[in-house]
file data37.cif (mmCIF, C-alpha atoms)
data_protein
loop_
_atom_site.label_atom_id
_atom_site.label_comp_id
_atom_site.auth_asym_id
_atom_site.auth_seq_id
_atom_site.Cartn_x
_atom_site.Cartn_y
_atom_site.Cartn_z
CA MET A 26 95.43 95.70 108.35
CA GLU A 27 92.25 95.01 106.47
CA SER A 28 90.58 91.79 105.42
CA LYS A 29 87.45 91.29 103.39
CA GLY A 30 85.13 88.40 104.06
CA GLY A 31 87.00 87.24 107.14
CA LYS A 32 87.82 88.17 110.72
CA LYS A 33 91.13 88.50 112.51
CA LYS A 34 92.06 86.50 115.59
CA SER A 35 95.18 86.45 117.75
CA SER A 36 96.85 83.53 119.45
CA SER A 37 99.79 83.12 121.84
CA SER A 38 102.29 80.27 121.91
CA SER A 39 105.19 79.46 124.24
CA SER A 40 108.40 77.64 123.44
CA SER A 41 110.54 75.49 125.67
CA ASN A 42 112.73 78.46 126.66
CA SER A 43 109.63 80.36 127.84
CA ASN A 44 109.80 82.89 125.02
CA SER A 45 106.31 83.81 123.91
CA SER A 46 105.10 85.42 120.74
CA LYS A 47 101.80 86.43 119.25
CA CYS A 48 100.64 85.68 115.76
CA ALA A 49 97.59 86.77 113.81
CA PHE A 50 95.50 84.47 111.67
CA TYR A 51 92.28 84.85 109.71
CA GLU A 52 89.15 82.80 109.97
CA ALA A 53 86.52 83.02 107.27
CA PRO A 54 82.93 82.57 108.51
CA LEU A 55 80.86 79.71 107.11
CA GLY A 56 80.04 80.29 103.46
CA TYR A 57 82.68 83.05 103.02
CA SER A 58 86.23 83.13 101.76
CA ILE A 59 89.07 85.60 102.28
CA GLU A 60 89.46 87.78 99.20
CA ASP A 61 91.90 90.50 100.19
CA VAL A 62 94.47 91.09 102.95
CA ARG A 63 96.65 94.20 103.14
CA PRO A 64 98.80 94.77 106.22
CA ASN A 65 100.85 97.92 105.66
CA GLY A 66 102.51 100.69 107.58
CA GLY A 67 105.54 102.83 108.15
CA ILE A 68 108.69 101.89 110.03
CA LYS A 69 109.98 105.27 111.11
CA LYS A 70 112.27 106.42 113.92
CA PHE A 71 112.16 103.15 115.80
CA ARG A 72 112.92 100.70 112.99
CA SER A 73 115.63 98.91 115.02
CA ALA A 74 113.18 98.35 117.86
CA ALA A 75 110.41 97.28 115.49
CA TYR A 76 112.58 94.50 114.04
CA SER A 77 114.29 93.41 117.27
CA ASN A 78 111.54 90.91 118.09
CA PRO A 79 111.78 87.10 117.80
CA PHE A 80 110.85 85.21 114.64
CA PRO A 81 108.97 86.01 112.46
CA HIS A 82 109.38 89.73 113.12
CA ARG A 83 113.12 90.17 112.61
CA SER A 84 112.70 91.63 109.13
CA PHE A 85 110.04 92.56 106.62
CA SER A 86 111.19 89.79 104.27
CA GLU A 87 110.69 87.27 107.06
CA GLU A 88 107.18 88.53 107.67
CA VAL A 89 106.40 88.33 103.94
CA ASP A 90 107.54 84.70 103.82
CA LEU A 91 105.30 83.84 106.76
CA LEU A 92 102.26 85.60 105.29
CA ASP A 93 102.83 83.86 101.96
CA SER A 94 102.86 80.52 103.73
CA TYR A 95 99.37 81.26 105.06
CA PHE A 96 97.64 82.99 102.17
CA GLY A 97 99.37 81.04 99.40
CA LYS A 98 97.52 77.97 100.59
CA LEU A 99 94.25 79.85 100.08
CA GLY A 100 95.11 80.60 96.47
CA LEU A 101 95.75 84.31 97.03
CA SER A 102 98.28 86.07 94.83
CA SER A 103 100.66 88.29 96.85
CA GLN A 104 102.99 91.24 96.31
CA ALA A 105 105.27 93.06 98.77
CA TYR A 106 106.86 96.50 98.53
CA MET A 107 108.95 98.96 100.48
CA MET A 108 108.26 102.55 99.43
CA GLY A 109 110.80 105.27 100.12
CA SER A 110 114.27 106.42 99.18
CA PRO A 111 117.16 104.00 99.94
CA GLU A 112 118.94 106.89 101.70
CA ASN A 113 115.97 107.45 103.98
CA ALA A 114 115.45 105.15 106.98
CA LYS A 115 111.72 105.81 106.79
CA LYS A 116 109.89 103.28 104.65
CA TRP A 117 106.28 102.36 103.94
CA HIS A 118 105.90 98.58 104.00
CA ILE A 119 103.12 96.94 102.00
CA TYR A 120 101.93 93.37 101.72
CA SER A 121 98.98 92.67 99.43
CA ALA A 122 97.37 89.26 98.94
CA SER A 123 94.25 89.04 96.78
CA ALA A 124 92.05 86.46 95.13
CA GLU A 125 90.85 86.52 91.55
CA GLU A 126 88.54 89.42 90.85
CA GLY A 127 84.90 88.61 91.30
CA LYS A 128 82.04 90.97 90.65
CA LYS A 129 83.27 94.51 90.17
CA ARG A 130 81.87 97.19 92.44
CA ARG A 131 80.55 100.37 90.90
CA GLN A 132 82.63 102.54 93.24
CA PRO A 133 86.12 101.86 94.67
CA VAL A 134 86.72 101.75 98.40
CA TYR A 135 89.40 104.20 99.57
CA THR A 136 91.65 103.84 102.61
CA LEU A 137 93.60 106.87 103.82
CA GLU A 138 96.44 106.55 106.33
CA VAL A 139 98.42 109.47 107.79
CA CYS A 140 101.42 108.92 110.10
CA MET A 141 102.68 112.06 111.90
CA THR A 142 105.79 112.65 114.03
CA GLY A 143 107.25 115.67 115.80
CA LEU A 144 103.91 116.96 117.06
CA ASP A 145 103.62 120.59 118.13
CA LYS A 146 104.17 120.75 121.92
CA LYS A 147 101.04 122.80 122.61
CA LYS A 148 98.93 120.50 120.46
CA ALA A 149 100.42 117.41 122.11
CA ALA A 150 99.82 118.81 125.62
CA VAL A 151 96.07 118.38 125.10
CA PHE A 152 96.53 114.60 125.28
CA TYR A 153 97.88 114.49 128.86
CA LYS A 154 95.38 113.23 131.40
CA THR A 155 94.19 115.72 134.07
CA ASN A 156 91.89 115.45 137.06
CA ASP A 157 89.22 117.62 135.48
CA GLY A 158 89.72 116.32 131.93
CA SER A 159 88.01 113.63 129.88
CA PRO A 160 88.38 111.87 126.51
CA SER A 161 85.53 113.92 125.07
CA ARG A 162 87.27 117.13 126.15
CA MET A 163 90.44 116.02 124.34
CA THR A 164 88.34 115.35 121.26
CA GLU A 165 86.83 118.83 121.35
CA VAL A 166 89.84 120.92 122.41
CA SER A 167 92.23 119.23 119.97
CA GLY A 168 89.93 119.85 117.03
CA ILE A 169 89.46 116.16 116.29
CA ARG A 170 85.69 116.64 116.49
CA LYS A 171 85.95 118.97 113.45
CA ILE A 172 87.82 116.51 111.20
CA LEU A 173 84.72 114.51 110.27
CA PRO A 174 82.00 116.41 112.17
CA LYS A 175 79.14 114.05 111.27
CA SER A 176 80.87 110.92 112.56
CA GLU A 177 79.96 109.21 115.83
CA ILE A 178 83.09 109.05 118.03
CA CYS A 179 84.06 106.63 120.79
CA ASP A 180 87.15 108.14 122.47
CA PHE A 181 89.61 107.03 125.16
CA GLU A 182 92.36 108.62 127.26
CA PHE A 183 95.31 106.86 128.86
CA GLU A 184 97.37 107.21 132.02
CA PRO A 185 99.42 109.42 132.24
CA CYS A 186 98.97 110.47 128.61
CA GLY A 187 97.78 109.24 125.25
CA TYR A 188 94.57 109.17 123.29
CA SER A 189 92.67 106.87 120.96
CA MET A 190 89.36 107.10 119.16
CA ASN A 191 87.25 105.11 116.74
CA ALA A 192 84.44 106.65 114.71
CA VAL A 193 81.71 105.54 112.33
CA GLU A 194 79.69 107.47 109.79
CA GLY A 195 77.32 105.32 107.81
CA ASP A 196 79.47 102.68 106.11
CA ALA A 197 82.70 104.67 106.69
CA ILE A 198 85.08 104.41 109.64
CA SER A 199 87.98 106.42 111.03
CA THR A 200 90.47 106.07 113.87
CA ILE A 201 93.14 108.17 115.60
CA HIS A 202 95.93 107.17 117.98
CA VAL A 203 98.19 109.67 119.77
CA THR A 204 101.44 109.31 121.73
CA PRO A 205 102.19 112.90 122.88
CA GLU A 206 105.51 112.54 124.76
CA ASP A 207 108.07 115.11 123.66
CA GLY A 208 110.99 113.63 121.75
CA PHE A 209 109.03 110.77 120.22
CA SER A 210 105.55 112.17 119.74
CA TYR A 211 103.40 110.43 117.18
CA ALA A 212 99.85 110.51 115.87
CA SER A 213 98.09 108.43 113.25
CA PHE A 214 94.85 108.96 111.39
CA GLU A 215 93.06 106.40 109.24
CA ALA A 216 89.80 106.65 107.33
CA MET A 217 88.14 104.02 105.18
CA GLY A 218 84.95 103.99 103.16
CA TYR A 219 84.70 107.73 102.51
CA ASP A 220 84.18 109.09 99.02
CA PHE A 221 87.00 111.60 98.69
CA ASN A 222 85.21 113.17 95.76
CA ALA A 223 82.47 114.22 98.17
CA VAL A 224 84.72 114.65 101.25
CA ASN A 225 87.44 116.95 99.90
CA LEU A 226 90.72 115.13 100.56
CA ASN A 227 92.88 118.25 100.83
CA ARG A 228 90.48 119.86 103.28
CA LEU A 229 90.30 116.65 105.32
CA LEU A 230 94.10 116.49 105.53
CA GLU A 231 94.27 120.15 106.53
CA ASN A 232 91.83 119.44 109.39
CA VAL A 233 93.95 116.50 110.55
CA LEU A 234 97.22 118.47 110.40
CA ALA A 235 95.65 121.40 112.28
CA CYS A 236 95.06 119.10 115.27
CA PHE A 237 98.72 118.09 115.61
CA LYS A 238 100.92 120.41 113.48
CA PRO A 239 103.54 117.68 112.93
CA SER A 240 107.07 118.44 111.76
CA GLU A 241 106.81 115.56 109.30
CA PHE A 242 104.24 113.05 108.12
CA SER A 243 103.43 110.50 105.44
CA ILE A 244 100.23 109.88 103.51
CA ALA A 245 99.17 106.58 101.96
CA LEU A 246 95.98 106.47 99.90
CA HIS A 247 94.74 103.11 98.64
CA ALA A 248 91.97 102.26 96.21
CA ASP A 249 90.85 98.64 95.95
CA VAL A 250 90.73 98.73 92.15
CA ALA A 251 93.80 98.73 89.92
CA SER A 252 92.34 101.14 87.37
CA GLU A 253 92.37 104.16 89.69
CA ASP A 254 94.82 106.97 88.81
CA LEU A 255 95.00 108.38 92.33
CA ALA A 256 97.51 111.12 91.52
CA GLU A 257 95.27 112.48 88.78
CA LYS A 258 92.06 112.04 90.75
CA PHE A 259 93.29 113.38 94.11
CA PRO A 260 96.08 115.94 93.66
CA LEU A 261 97.50 117.06 97.03
CA TYR A 262 98.25 120.67 97.92
CA LEU A 263 99.29 121.26 101.54
CA MET A 264 100.52 124.73 102.46
CA GLY A 265 103.52 124.95 104.79
CA TYR A 266 104.89 121.50 103.94
CA ALA A 267 107.39 120.29 101.35
CA CYS A 268 106.85 116.94 99.67
CA GLY A 269 110.00 114.84 100.01
CA GLU A 270 108.91 111.64 98.28
CA ARG A 271 106.10 110.59 95.97
CA SER A 272 105.28 107.11 94.76
CA PHE A 273 102.45 105.36 92.93
CA GLU A 274 102.07 101.62 92.59
CA VAL A 275 99.55 99.18 91.19
CA LEU A 276 99.24 96.27 93.62
CA GLY A 277 98.00 93.76 91.08
CA ARG A 278 94.63 92.48 92.20
CA GLY A 279 95.10 94.43 95.44
CA GLY A 280 94.34 97.81 93.90
CA THR A 281 96.39 101.01 93.64
CA LEU A 282 98.45 102.91 96.21
CA MET A 283 99.70 106.50 96.35
CA TYR A 284 102.37 107.36 98.94
CA HIS A 285 103.73 110.83 99.80
CA THR A 286 106.02 112.11 102.57
CA TYR A 287 106.09 115.71 103.82
CA VAL A 288 108.21 117.87 106.13
CA LYS A 289 107.36 121.25 107.59
CA SER A 290 109.10 123.86 105.49
CA SER A 291 108.88 127.28 103.89
CA VAL A 292 109.26 125.37 100.61
CA CYS A 293 106.03 123.99 99.16
CA VAL A 294 105.89 121.37 96.42
CA LEU A 295 103.46 122.13 93.61
CA SER A 296 102.68 120.74 90.20
CA PRO A 297 100.13 121.68 87.54
CA LYS A 298 98.04 118.72 88.72
CA SER A 299 97.92 120.21 92.22
CA VAL A 300 95.65 123.05 91.16
CA VAL A 301 92.06 122.28 92.12
CA LYS A 302 90.59 125.69 91.38
CA GLY A 303 92.05 128.49 89.29
CA SER A 304 94.97 128.45 86.92
CA TRP A 305 98.54 127.30 87.53
CA GLU A 306 99.72 130.92 87.25
CA GLU A 307 97.21 132.05 89.87
CA MET A 308 98.32 129.35 92.28
CA SER A 309 102.00 130.21 91.77
CA LYS A 310 101.28 133.88 92.45
CA LYS A 311 99.42 132.97 95.63
CA VAL A 312 102.36 130.93 96.90
CA GLU A 313 104.86 133.70 96.10
CA ASN A 314 102.71 136.25 97.95
CA GLU A 315 102.80 134.04 101.04
CA GLY A 316 106.59 133.94 100.98
CA LEU A 317 106.91 130.34 99.84
CA SER A 318 108.81 128.76 96.98
CA TYR A 319 108.08 125.52 95.17
CA LYS A 320 110.12 122.65 93.83
CA PHE A 321 109.83 119.02 92.69
CA GLU A 322 111.35 115.99 94.40
CA PRO A 323 111.78 112.38 93.15
CA ILE A 324 110.68 109.13 94.77
CA ILE A 325 112.19 105.66 94.64
CA MET A 326 110.21 102.47 95.22
CA SER A 327 111.69 99.02 95.74
CA ARG A 328 109.88 95.70 95.27
CA LEU A 329 110.67 92.55 97.23
#

call {"tool": "encode", "arguments": {"input": "data37.cif", "output": "structure tokens"}}
result
Amino acid sequence: MESKGGKKKSSSSSSSNSNSSKCAFYEAPLGYSIEDVRPNGGIKKFRSAAYSNPFPHRSFSEEVDLLDSYFGKLGLSSQAYMMGSPENAKKWHIYSASAEEGKKRRQPVYTLEVCMTGLDKKKAAVFYKTNDGSPSRMTEVSGIRKILPKSEICDFEFEPCGYSMNAVEGDAISTIHVTPEDGFSYASFEAMGYDFNAVNLNRLLENVLACFKPSEFSIALHADVASEDLAEKFPLYLMGYACGERSFEVLGRGGTLMYHTYVKSSVCVLSPKSVVKGSWEEMSKKVENEGLSYKFEPIIMSRL
């Protein structure tokens, strides 16, 4: 979740039947106003558990109504979406609330989010705590240090397993969270503030995937300006994975979002736009030589 011009706080409240719940609210510092709020994320294997909580977390629609009740009072215009095929239980949930556009920045701010499941067992084993281990060792051995090598990392390990890190590099930030247990392993990577024209997006994603080798993952790339054609500007080409779903949406004042899902496969999805260097014929020949085939898959997006 990201907010501009404000800070997030949490509060707890108890009812008469001793049920407690936590809620998040935003407080704008003196002289500032909240311009943009975008909580988003994927509900994957554990959707039933995610929406088995008390009000207001019993459904995405319920959460949208609650958020609207807060940000509508501030004059923010909101939109909510669920990206993904109706036949697929995996969805990417988006809520975007934005104020009227003020001064336009020269460069858009990009936010990249990668959610990975089915981690390779050997890769996941790195994130189990040992007597002679350390968070920094996990960072080095896993390859996380190589993802954004110039960033300054603050890393943590958990008992008996698990890993988390936050990193800064100038005005850019990144974070990783890992749950390595076999059967429900999961890792997430997020980066914000990087110029993906300068930091090659495909190479960055390859570095992330090399650390975990997931069986499936999703990618969400957001630009905070509505005029960005993300598919044209950042074509994705990831060897060894097939693209199951692709979606692009303009979030009104909240910018533009590109969402892709991938599964590990000998089938690789390509398009003429996916060629960064060389011709389409050259890229096709390269794929055929590596024993892969290519195909195209549709995507369906639903709006609340």

call {"tool": "resolve_selection", "arguments": {"input": "data37.cif", "expression": "the PyMOL selection byres ((chain A and resi 247-249) around 9)", "output": "VMD selection string"}}
result
chain A and resid 133 to 138 245 to 246 250 to 253 255 278 to 284

call {"tool": "resolve_selection", "arguments": {"input": "data37.cif", "expression": "the PyMOL selection byres ((chain A and resi 259) around 9)", "output": "PyMOL selection string"}}
result
chain A and resi 221-222+225-227+254-258+260-261+298-299

call {"tool": "atom_distance", "arguments": {"input": "data37.cif", "atom1": "CA of Ser159 in chain A", "atom2": "CA of Glu182 in chain A"}}
result
7.1 Å

call {"tool": "closest_residue", "arguments": {"input": "data37.cif", "among": "A:Cys140, A:Ser210, A:Lys148, A:Gly100", "to": "Trp117 in chain A", "atoms": "all atoms listed in the file"}}
result
A:Cys140

call {"tool": "closest_residue", "arguments": {"input": "data37.cif", "among": "A:Cys236, A:Val193, A:Val224, A:Ile198", "to": "Phe152 in chain A", "atoms": "all atoms listed in the file"}}
result
A:Cys236

call {"tool": "atom_distance", "arguments": {"input": "data37.cif", "atom1": "CA of Met141 in chain A", "atom2": "CA of Val233 in chain A"}}
result
9.9 Å

call {"tool": "closest_residue", "arguments": {"input": "data37.cif", "among": "A:Glu177, A:Ile119, A:Ser199, A:Ala192", "to": "Met107 in chain A", "atoms": "only C-alpha atoms"}}
result
A:Ile119

call {"tool": "residues_around", "arguments": {"input": "data37.cif", "residues": "Tyr287 in chain A", "least_positions_apart": "4", "cutoff": "6 Å", "atoms": "only C-alpha atoms", "output": "VMD selection string"}}
result
chain A and resid 241 to 242 266 to 269

call {"tool": "write_last_selection", "arguments": {"input": "data37.cif", "atoms": "C-alpha atoms", "output": "short mmCIF file (atom, residue, chain, number, x, y, z; two decimals), in the coordinates of the input"}}
result
data_model
loop_
_atom_site.label_atom_id
_atom_site.label_comp_id
_atom_site.auth_asym_id
_atom_site.auth_seq_id
_atom_site.Cartn_x
_atom_site.Cartn_y
_atom_site.Cartn_z
CA GLU A 241 106.81 115.56 109.30
CA PHE A 242 104.24 113.05 108.12
CA TYR A 266 104.89 121.50 103.94
CA ALA A 267 107.39 120.29 101.35
CA CYS A 268 106.85 116.94 99.67
CA GLY A 269 110.00 114.84 100.01
#

call {"tool": "resolve_selection", "arguments": {"input": "data37.cif", "expression": "the PyMOL selection byres ((chain A and resi 174) around 12)", "output": "list in words"}}
result
Thr164, Glu165, Gly168, Ile169, Arg170, Lys171, Ile172, Leu173, Lys175, Ser176, Glu177, Ile178, Ala192, Val193, Glu194, Ser199, Val224, Leu229 and Asn232 of chain A

call {"tool": "closest_residue", "arguments": {"input": "data37.cif", "among": "A:Ser94, A:Ser121, A:Thr142, A:Thr155", "to": "Ser243 in chain A", "atoms": "all atoms listed in the file"}}
result
A:Thr142

call {"tool": "axis_aligned_box", "arguments": {"input": "data37.cif", "around": "range 143-146 of chain A", "padding_each_side": "4 Å", "output": "JSON"}}
result
{"center_x": 105.4, "center_y": 118.2, "center_z": 118.9, "size_x": 11.6, "size_y": 13.1, "size_z": 14.1}

call {"tool": "atom_distance", "arguments": {"input": "data37.cif", "atom1": "CA of Thr200 in chain A", "atom2": "CA of Pro239 in chain A"}}
result
17.5 Å

call {"tool": "closest_residue", "arguments": {"input": "data37.cif", "among": "A:Ala223, A:Lys154, A:Arg228, A:Asn191", "to": "Pro205 in chain A", "atoms": "all atoms listed in the file"}}
result
A:Lys154

call {"tool": "closest_residue", "arguments": {"input": "data37.cif", "among": "A:Glu274, A:Glu184, A:Glu231, A:Asp196", "to": "Tyr262 in chain A", "atoms": "all atoms listed in the file"}}
result
A:Glu231

call {"tool": "residues_around", "arguments": {"input": "data37.cif", "residues": "Ala150 in chain A", "least_positions_apart": "5", "cutoff": "10 Å", "atoms": "all atoms listed in the file", "output": "ChimeraX atom specification"}}
result
/A:144-145,163,167,186-187,205-207

call {"tool": "write_last_selection", "arguments": {"input": "data37.cif", "atoms": "C-alpha atoms", "output": "mmCIF file, in the coordinates of the input"}}
result
data_model
loop_
_atom_site.group_PDB
_atom_site.id
_atom_site.type_symbol
_atom_site.label_atom_id
_atom_site.label_comp_id
_atom_site.auth_asym_id
_atom_site.auth_seq_id
_atom_site.Cartn_x
_atom_site.Cartn_y
_atom_site.Cartn_z
ATOM 1 C CA LEU A 144 103.910 116.960 117.060
ATOM 2 C CA ASP A 145 103.620 120.590 118.130
ATOM 3 C CA MET A 163 90.440 116.020 124.340
ATOM 4 C CA SER A 167 92.230 119.230 119.970
ATOM 5 C CA CYS A 186 98.970 110.470 128.610
ATOM 6 C CA GLY A 187 97.780 109.240 125.250
ATOM 7 C CA PRO A 205 102.190 112.900 122.880
ATOM 8 C CA GLU A 206 105.510 112.540 124.760
ATOM 9 C CA ASP A 207 108.070 115.110 123.660
#
